[in-house]
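K.L.:
Got a structure for you, questions after.
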Amino acid sequence: MAAGRCRFIAPLCFAFALPLAAQQYPAEMISGLQWRDVGPMRGGRTYAVAGNAAQPDTFYMGSVGGGVWKTENSGRTWLPIADDRVTGIPIGSIGAIAVAPSDPNIVYVGTGEPDIRSQHSYGIGLFKSADAGKTWHSIGLAETRQIGKIVVDPADPDRVYVAALGHAYKANPERGVYLSTDGGAHWQKILASAKHPDDVGAIDLALDPQNPRTIYASLWATRRPPWAVYAPSNMPGGGLYKSTDGGESWHQLGGGLPADDYVGKIGIAVAPSNPNRLYAVVDDLGTAVARSIRGGQIADKTPAPKPSGGIYVSDDAGATWKLVNSEQRLWGRGWYFGQISVDPTNPDRAYDINTATYMTLDAGKTWIPVKGAPGGDDYHQLWINPKDGNRMVLSSDQGTVVSVDGAKTWSTWYNQPTAQIYHIAADNRFPYWLYGAQQDSGAVGVSTWSRMGTLSFRNWEPICEAGESSTVVPDPDDGNLLYGNGDQRCDQELNLPAPAGGELPAADPNDPNRRTWTLPQVFSPADKALYYANQFVFRTRDRGKTWAKISPDLTRLRPKMPKTLDPVTANDIDEVMTDRFGVVYTIGPSPLDAKTVWVGTDDGLIHISRDDGANWKDVTPPPMGAWSKVSQIEAGHFDMDTAYASVDRHRLADDHPYIYRTHDGGRSWKNVADGIPDGAFVNSIKEDTKQKGLLYAATELRVYVSFDDGDHWQPLQLNMPVTSVRDIVVHGDDLAVATFGRGFWVLDQMPALRQIAARGNEIEANRAYLFVPGETFAIHQGGQNGTPLPHEEPQELNPPAGVVVYYWLKSAPSTPLKLELVDANGKVAACVASDTPVKPVDTEAINVQAYWMEPTAPPSAEPGMHRAALNIVAPRGFGLGGRRVTLPPADACHPAGAPGPKPETEPIRPGHGAAGLQPGNYTVRLTVDGQTLMQAVTVKPDPRRLPKGADASPDDDNDDE
């Protein structure tokens with residue numbers, strides 16, 4: 001094994017800057033729109049964790065799709081610290097974090113999770129913070145793709161070692177162990193495979209804390225095929241290495257460790273109190289390809305050697321090793337787990353990470369679970385405070401937790417909205433709910449509005465169908481009935497199965513049913529027929545009482561193997577696959593014709609049926625080769641011959657975006673992705689349901705919008721953090737998305753986008769423009785009925801109450817602007833002005849925390865697009881409950897010298913506020929620089945059919961007066 005010594009200089013600029021040339025309209029024209037995080041309020045998959053001994057309550061975690069988070073109170077609350085558009089980290093997938101032991105302000109982050117599931121995202125190198133996570137900058141190694149570990153010299157914060165796993169889908173030279181001695185300004189590759197430098201990467205590192213020039217490194221050669229498979233391959237070249245001179249030279253460790261060509265991932269740990277004691281958890285199945293956990297068959301029929309994985313211990317600093325425990329529960333699925341940690345004062349006490357977290361007190365002979373639950377929480381890394389072995393932080397597929405009592409009790413992961421959601425569906429209730437399968441945690445449903453004012457743990461539920469990866473769809477007429485997994489149905493209100501009685505047709509013995517991690521299921525918007533697919537398409541028109549197979553196998557026959565595929569990984573097959581490997585991955589029923597259905601496969605084909613499934617025509621765009629996954633097919637809402645297909649080729653090491661559009665029924669296609677950068681491969685494409693030519697694309701980095709049928713695209717990221725966006729649904733006047741790392745998000749009241757698509761040039765040319773408001777209801781939420789939830793409890797916002805108004809200013813006006821809501825009688829029912837003075841909360845005059853008293857910001861008069869809410873609320877603080885009337889501040893709504901508010905003819909009783917916004921016809925009026933713009937809006941009744949008197953706004957004051 002040779003150390004290839006290459007030098008890399010950290011780039012001065014970052015390659016993923018958003019393109020501007022292709023934008024149709026300036027970003028300021030949509031800047032007033034805001035995404036709203038709606039949860040669920042629970043953690044998703046995390047991998048990297050870190051801390052610093054000098055700060056015992058501070059810990060960091062890296063979500064594999066949701067960025068970097070930090071707690072300063074031992075896990076009571078977590079906050080994202082790298083989301084800023086300018087000073088943050090522009091990728092959501094985090095693989096490694098390290099805090100410099102000698103300086104807690106210096107934090108290193110490696111992007112790209114190393115747990116390379118079939119669904120994972122990539123990284124863009126190393127980032128560094130010198131201010132404990134407030135700001136970040138890139139320090140190179142952008143092509144390493146997946147980073148497994150970072151360790152920092154205990155005495156020198158500039159001496160940093162990095163384990164780079166490399167590309168998951170092709171050979172690349174940016175693999176191995178790297179060293180920087182100047183804090184990331186320059187890098188040297190100090191360990192690489194001599195025989196296979198482009199195939200063998202590094203996955204784990206450990207320093208001897210008493211002699212930090214002694215380093216242990218784990219090398220792993222692994223890749224994934226483009227088809228669906230559970231475990232990646234183990235290629236030749238894996239093993240454990242040691243250096244005693246700071247990485248200048250290395251030798252491979254043997255002395256009892258497995259040494260065959262099937263050595264996979266190895267986790268390594270040094271006992272701080274006795275550096276001669278080493279622990280290693282070794283993955284070695286005796287075969288290059290794992291057998292399927294779903295009972296499929298692998299292609300390699302040769303006899304496999306006996307597995308030699310397990311827990312190994314050395315008491316002579318790695319010279320010799322002994323297998324102390326070979327239980328599968330400790331090392332099984334080693335490609336996904338394979339981490340081990342040692343107590344700082346007791347070398348016999350160690351922790352092994354797998355579906356549960358296990359502890360040994362006898363140097364690995366016996367192990368007991370100290371964290372784990374039915375279903376398998378799946379843990380990944382444990383960082384232990386080197387000065388206090390009772391304080392530790394643990395990552396898992398459920399989120400990250402902290403223990404301060406030696407693993408006896410743990411903090412919660414129900415305060416980290418980092419769910420990885422595959423697909424999204426909305427029901428038709430009010431408030432409407434969003435549904436999707438959360439990776440590793442089961443499917444979830446979230447309400448988009450709370451009657452108690454804020455979204456909290458009360459507003460989401462684990463749901464009874466779809467598990468961690470299947471598609472779930474609610475019944476169009478009854479949101480409590482959920483469908484998934486083909487012929488399965490359940491009742492969410494009862495939390496019980498609700499079988500419809502029908503079953504899918506029996507499998508064809510000559511073409512056994514195949515599957516991938518997530519299969520499509522969708523209701524037709526034309527006739528409410530329900531479709532499902534594996535390699536065949538199935539349909540029911542009676543809500544599951546009967547099912548029919550309506551297609552032949554629509555996947556490729558003997559698909560060509562990609563050039564990026566190595567011989568070992570080419571045999572990584574865990575389904576019964578011979579001539580066909582793929583599945584139908586997406587179904588697009590036409591909203592205009594119940595007999596027309598489009599489908600796309602994960603091996604690169606598109607078909608259409610116009611006769612109710614009797615016949616299918618291959619209309620695949622010629623440039624699409626094998627394994628070009630059709631991630632979404634969208635049938636046109638305004639034209640029978642129009643369809644859009646998003647195509648994802650990143651498993652072929654092609655990160656370009658592809659969106660194919662046809663206007664002639666598939667006879668010809670055009671790739672329309674101008675404005676979407678490389679790296680933002682496309683996971684979903686949707687057409688607006690009301691405005692022709694308005695398209696939305698969910699990509700690996702953010703949401704994009706096109707106002708001209710895909711000819712030009714521009715970011716619709718707005719305030720959403722960078723994360724993988726997997727699916728989109730248009731629901732009335734809202735746009736909702738499923739992300740793979742930050743849960744569900746909603747863009748409330750977005751008809752302004754439709755108006756820009758219809759008349760954008762006209763809007764842009766105007767000095768001021770008032771958009772037509774979207775659908776508005778007279779919704780009156782209640783309070784929290786007593787003392788409210790403390791702000792430490794995770795909560796998200798309701799949508800804005802009242803009439804949501806968007807307006808555009810080409811330049812800043814010379815005088816204050818005002819927005820008014822005028823009722824049918826010409827009375828101004830609500831008014832907000834840009835010059836309303838906002839006074840800071842006088843904390844010496846209140847009896848609650850300032851958090852509860854934050855004033856509402858006035859509408860903006862800066863150039864660009866802005867949002868404001870016009871609502872009629874009880875006059876809280878202006879005479880409520882017998883208090884004296886207080887004059888409003890002087891502004892454009894209340895000019896100085898104008899009469900103040902009149903007292904009520906009857907006193908308002910505490911607990912019975914004045915009626916709020918009522919149904920009726922109103923006018924929104926914008927006055928700016930002497931110009932008056934108006935738009936009509938009809939406020940509809942509360943759809944919940946309120947009883948008489950229920951629309952009075954409650955008074956939640958709980959004062960002891």
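Each chain in the structure tokens gets a letter, A, B, ..., in the order shown, and its residues are numbered from 1; ligands are numbered from 1 in order too.
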Leaving out region 810-823 of chain A and any residue of its chain fewer than 3 positions from it, which residues lie within 6 Å of it when counting only C-alpha atoms, given as a list of chain:residue names?
P.N.:
A:Arg767, A:Gly826, A:Lys827, A:Val828, A:Ala829, A:Ala830, A:Cys831, A:Val832, A:Ala833, A:Ser834, A:Asp835, A:Ala861, A:Glu862, A:Pro863, A:Tyr922, A:Thr923, A:Val924, A:Arg925, A:Leu926, A:Thr927, A:Val928, A:Asp929
K.L.:
Store the residues of this selection in a file with N, CA and C atoms, as a PDB file, in the first residue's frame.
P.N.:
```pdb
ATOM      1  N   ARG A 767     -44.507  50.524 -11.870  1.00  0.00           N
ATOM      2  CA  ARG A 767     -43.858  51.077 -10.681  1.00  0.00           C
ATOM      3  C   ARG A 767     -44.352  50.366  -9.440  1.00  0.00           C
ATOM      4  N   GLY A 826     -67.857  50.309   2.078  1.00  0.00           N
ATOM      5  CA  GLY A 826     -66.849  51.342   1.945  1.00  0.00           C
ATOM      6  C   GLY A 826     -66.102  51.649   3.222  1.00  0.00           C
ATOM      7  N   LYS A 827     -66.336  50.878   4.280  1.00  0.00           N
ATOM      8  CA  LYS A 827     -65.649  51.101   5.542  1.00  0.00           C
ATOM      9  C   LYS A 827     -64.300  50.387   5.548  1.00  0.00           C
ATOM     10  N   VAL A 828     -63.282  51.079   6.016  1.00  0.00           N
ATOM     11  CA  VAL A 828     -61.959  50.475   6.132  1.00  0.00           C
ATOM     12  C   VAL A 828     -61.980  49.525   7.328  1.00  0.00           C
ATOM     13  N   ALA A 829     -61.878  48.247   7.032  1.00  0.00           N
ATOM     14  CA  ALA A 829     -61.956  47.240   8.085  1.00  0.00           C
ATOM     15  C   ALA A 829     -60.593  46.928   8.684  1.00  0.00           C
ATOM     16  N   ALA A 830     -59.540  47.130   7.924  1.00  0.00           N
ATOM     17  CA  ALA A 830     -58.184  46.888   8.409  1.00  0.00           C
ATOM     18  C   ALA A 830     -57.223  47.734   7.594  1.00  0.00           C
ATOM     19  N   CYS A 831     -56.152  48.171   8.226  1.00  0.00           N
ATOM     20  CA  CYS A 831     -55.171  49.008   7.544  1.00  0.00           C
ATOM     21  C   CYS A 831     -53.799  48.765   8.150  1.00  0.00           C
ATOM     22  N   VAL A 832     -52.789  48.645   7.302  1.00  0.00           N
ATOM     23  CA  VAL A 832     -51.398  48.554   7.752  1.00  0.00           C
ATOM     24  C   VAL A 832     -50.576  49.508   6.911  1.00  0.00           C
ATOM     25  N   ALA A 833     -49.546  50.084   7.523  1.00  0.00           N
ATOM     26  CA  ALA A 833     -48.753  51.111   6.855  1.00  0.00           C
ATOM     27  C   ALA A 833     -47.271  50.852   7.048  1.00  0.00           C
ATOM     28  N   SER A 834     -46.482  51.266   6.061  1.00  0.00           N
ATOM     29  CA  SER A 834     -45.044  51.011   6.111  1.00  0.00           C
ATOM     30  C   SER A 834     -44.332  51.890   7.119  1.00  0.00           C
ATOM     31  N   ASP A 835     -44.965  52.999   7.552  1.00  0.00           N
ATOM     32  CA  ASP A 835     -44.290  53.903   8.483  1.00  0.00           C
ATOM     33  C   ASP A 835     -44.757  53.721   9.922  1.00  0.00           C
ATOM     34  N   ALA A 861     -41.573  48.872   2.333  1.00  0.00           N
ATOM     35  CA  ALA A 861     -41.582  49.815   1.219  1.00  0.00           C
ATOM     36  C   ALA A 861     -40.297  49.722   0.412  1.00  0.00           C
ATOM     37  N   GLU A 862     -39.533  48.640   0.619  1.00  0.00           N
ATOM     38  CA  GLU A 862     -38.314  48.436  -0.161  1.00  0.00           C
ATOM     39  C   GLU A 862     -38.675  47.908  -1.553  1.00  0.00           C
ATOM     40  N   PRO A 863     -37.785  48.100  -2.532  1.00  0.00           N
ATOM     41  CA  PRO A 863     -38.056  47.542  -3.867  1.00  0.00           C
ATOM     42  C   PRO A 863     -38.189  46.022  -3.792  1.00  0.00           C
ATOM     43  N   TYR A 922     -64.946  42.213  -0.324  1.00  0.00           N
ATOM     44  CA  TYR A 922     -64.048  43.268   0.137  1.00  0.00           C
ATOM     45  C   TYR A 922     -63.208  43.767  -1.048  1.00  0.00           C
ATOM     46  N   THR A 923     -62.546  44.870  -0.801  1.00  0.00           N
ATOM     47  CA  THR A 923     -61.576  45.414  -1.742  1.00  0.00           C
ATOM     48  C   THR A 923     -60.262  45.631  -1.012  1.00  0.00           C
ATOM     49  N   VAL A 924     -59.174  45.146  -1.608  1.00  0.00           N
ATOM     50  CA  VAL A 924     -57.845  45.459  -1.101  1.00  0.00           C
ATOM     51  C   VAL A 924     -57.357  46.705  -1.826  1.00  0.00           C
ATOM     52  N   ARG A 925     -56.879  47.676  -1.064  1.00  0.00           N
ATOM     53  CA  ARG A 925     -56.465  48.952  -1.651  1.00  0.00           C
ATOM     54  C   ARG A 925     -55.028  49.264  -1.244  1.00  0.00           C
ATOM     55  N   LEU A 926     -54.182  49.456  -2.232  1.00  0.00           N
ATOM     56  CA  LEU A 926     -52.790  49.842  -2.013  1.00  0.00           C
ATOM     57  C   LEU A 926     -52.607  51.289  -2.441  1.00  0.00           C
ATOM     58  N   THR A 927     -52.139  52.111  -1.524  1.00  0.00           N
ATOM     59  CA  THR A 927     -51.856  53.513  -1.825  1.00  0.00           C
ATOM     60  C   THR A 927     -50.365  53.736  -1.680  1.00  0.00           C
ATOM     61  N   VAL A 928     -49.737  54.169  -2.783  1.00  0.00           N
ATOM     62  CA  VAL A 928     -48.295  54.360  -2.780  1.00  0.00           C
ATOM     63  C   VAL A 928     -47.942  55.489  -3.742  1.00  0.00           C
ATOM     64  N   ASP A 929     -47.223  56.498  -3.232  1.00  0.00           N
ATOM     65  CA  ASP A 929     -46.790  57.654  -4.030  1.00  0.00           C
ATOM     66  C   ASP A 929     -47.937  58.269  -4.821  1.00  0.00           C
TER      67      ASP A 929
END
```
K.L.:
Let me make sure I understand: among A:Val263, A:Leu735, A:Val342, A:Ala526, which one has the smallest atom-to-atom distance to Val200 (chain A) if we use only C-alpha atoms?
P.N.:
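Using only C-alpha atoms, Val200 (chain A) sits closest to A:Val263.
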K.L.:
Excluding Gly442 (chain A) and any residue of its chain fewer than 5 positions from it, enumerate the residues within 9 Å of it, using only C-alpha atoms, and give them as a ChimeraX atom specification.
P.N.:
/A:436-437,462-469
K.L.:
Neighbours of Tyr25 (chain A) within 12 Å (only C-alpha atoms; same-chain residues fewer than 5 positions away dropped), as a list of chain:residue names?
P.N.:
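Close residues of Tyr25 (chain A): A:Leu20, A:Ile30, A:Ser31, A:Gly675, A:Val705, A:Ser706, A:Phe707, A:Asp708, A:His712, A:Trp713, A:Gln714, A:Pro715, A:Leu716, A:Leu753, A:Ile756, A:Ala757, A:Arg759, A:Gly760, A:Asn761, A:Glu762, A:Ile763, A:Glu764, A:Ala765, A:Gly864, A:Met865.
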K.L.:
Those selected residues, please, written with C-alpha atoms and delivered as a compact mmCIF listing (two decimals), in the first residue's frame.
P.N.:
```txt
# COMPACT_ATOMS: atom_id res chain seq x y z
CA LEU A 20 -28.73 34.09 -13.51
CA ILE A 30 -41.01 36.63 -6.23
CA SER A 31 -39.06 37.46 -3.06
CA GLY A 675 -31.45 27.63 -15.63
CA VAL A 705 -40.13 27.48 -11.18
CA SER A 706 -40.70 28.11 -14.87
CA PHE A 707 -43.15 30.72 -16.10
CA ASP A 708 -42.81 29.78 -19.78
CA HIS A 712 -36.42 29.07 -18.59
CA TRP A 713 -36.13 28.12 -14.92
CA GLN A 714 -35.29 30.11 -11.82
CA PRO A 715 -34.94 29.19 -8.14
CA LEU A 716 -38.02 29.17 -5.94
CA LEU A 753 -46.96 32.97 -9.38
CA ILE A 756 -46.59 36.36 -13.14
CA ALA A 757 -46.86 33.46 -15.60
CA ARG A 759 -48.59 38.78 -17.34
CA GLY A 760 -45.11 38.91 -15.88
CA ASN A 761 -43.69 41.49 -18.28
CA GLU A 762 -46.55 43.85 -17.49
CA ILE A 763 -46.06 43.40 -13.75
CA GLU A 764 -42.32 43.94 -13.94
CA ALA A 765 -42.76 47.15 -15.93
CA GLY A 864 -39.25 44.04 -4.69
CA MET A 865 -42.24 41.81 -3.97
```
K.L.:
So the first atom is CA of Tyr312 (chain A) and the second is CA of Thr366 (chain A); what is the distance between them in Å, to one decimal place?
P.N.:
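So the answer is 12.6 Å.
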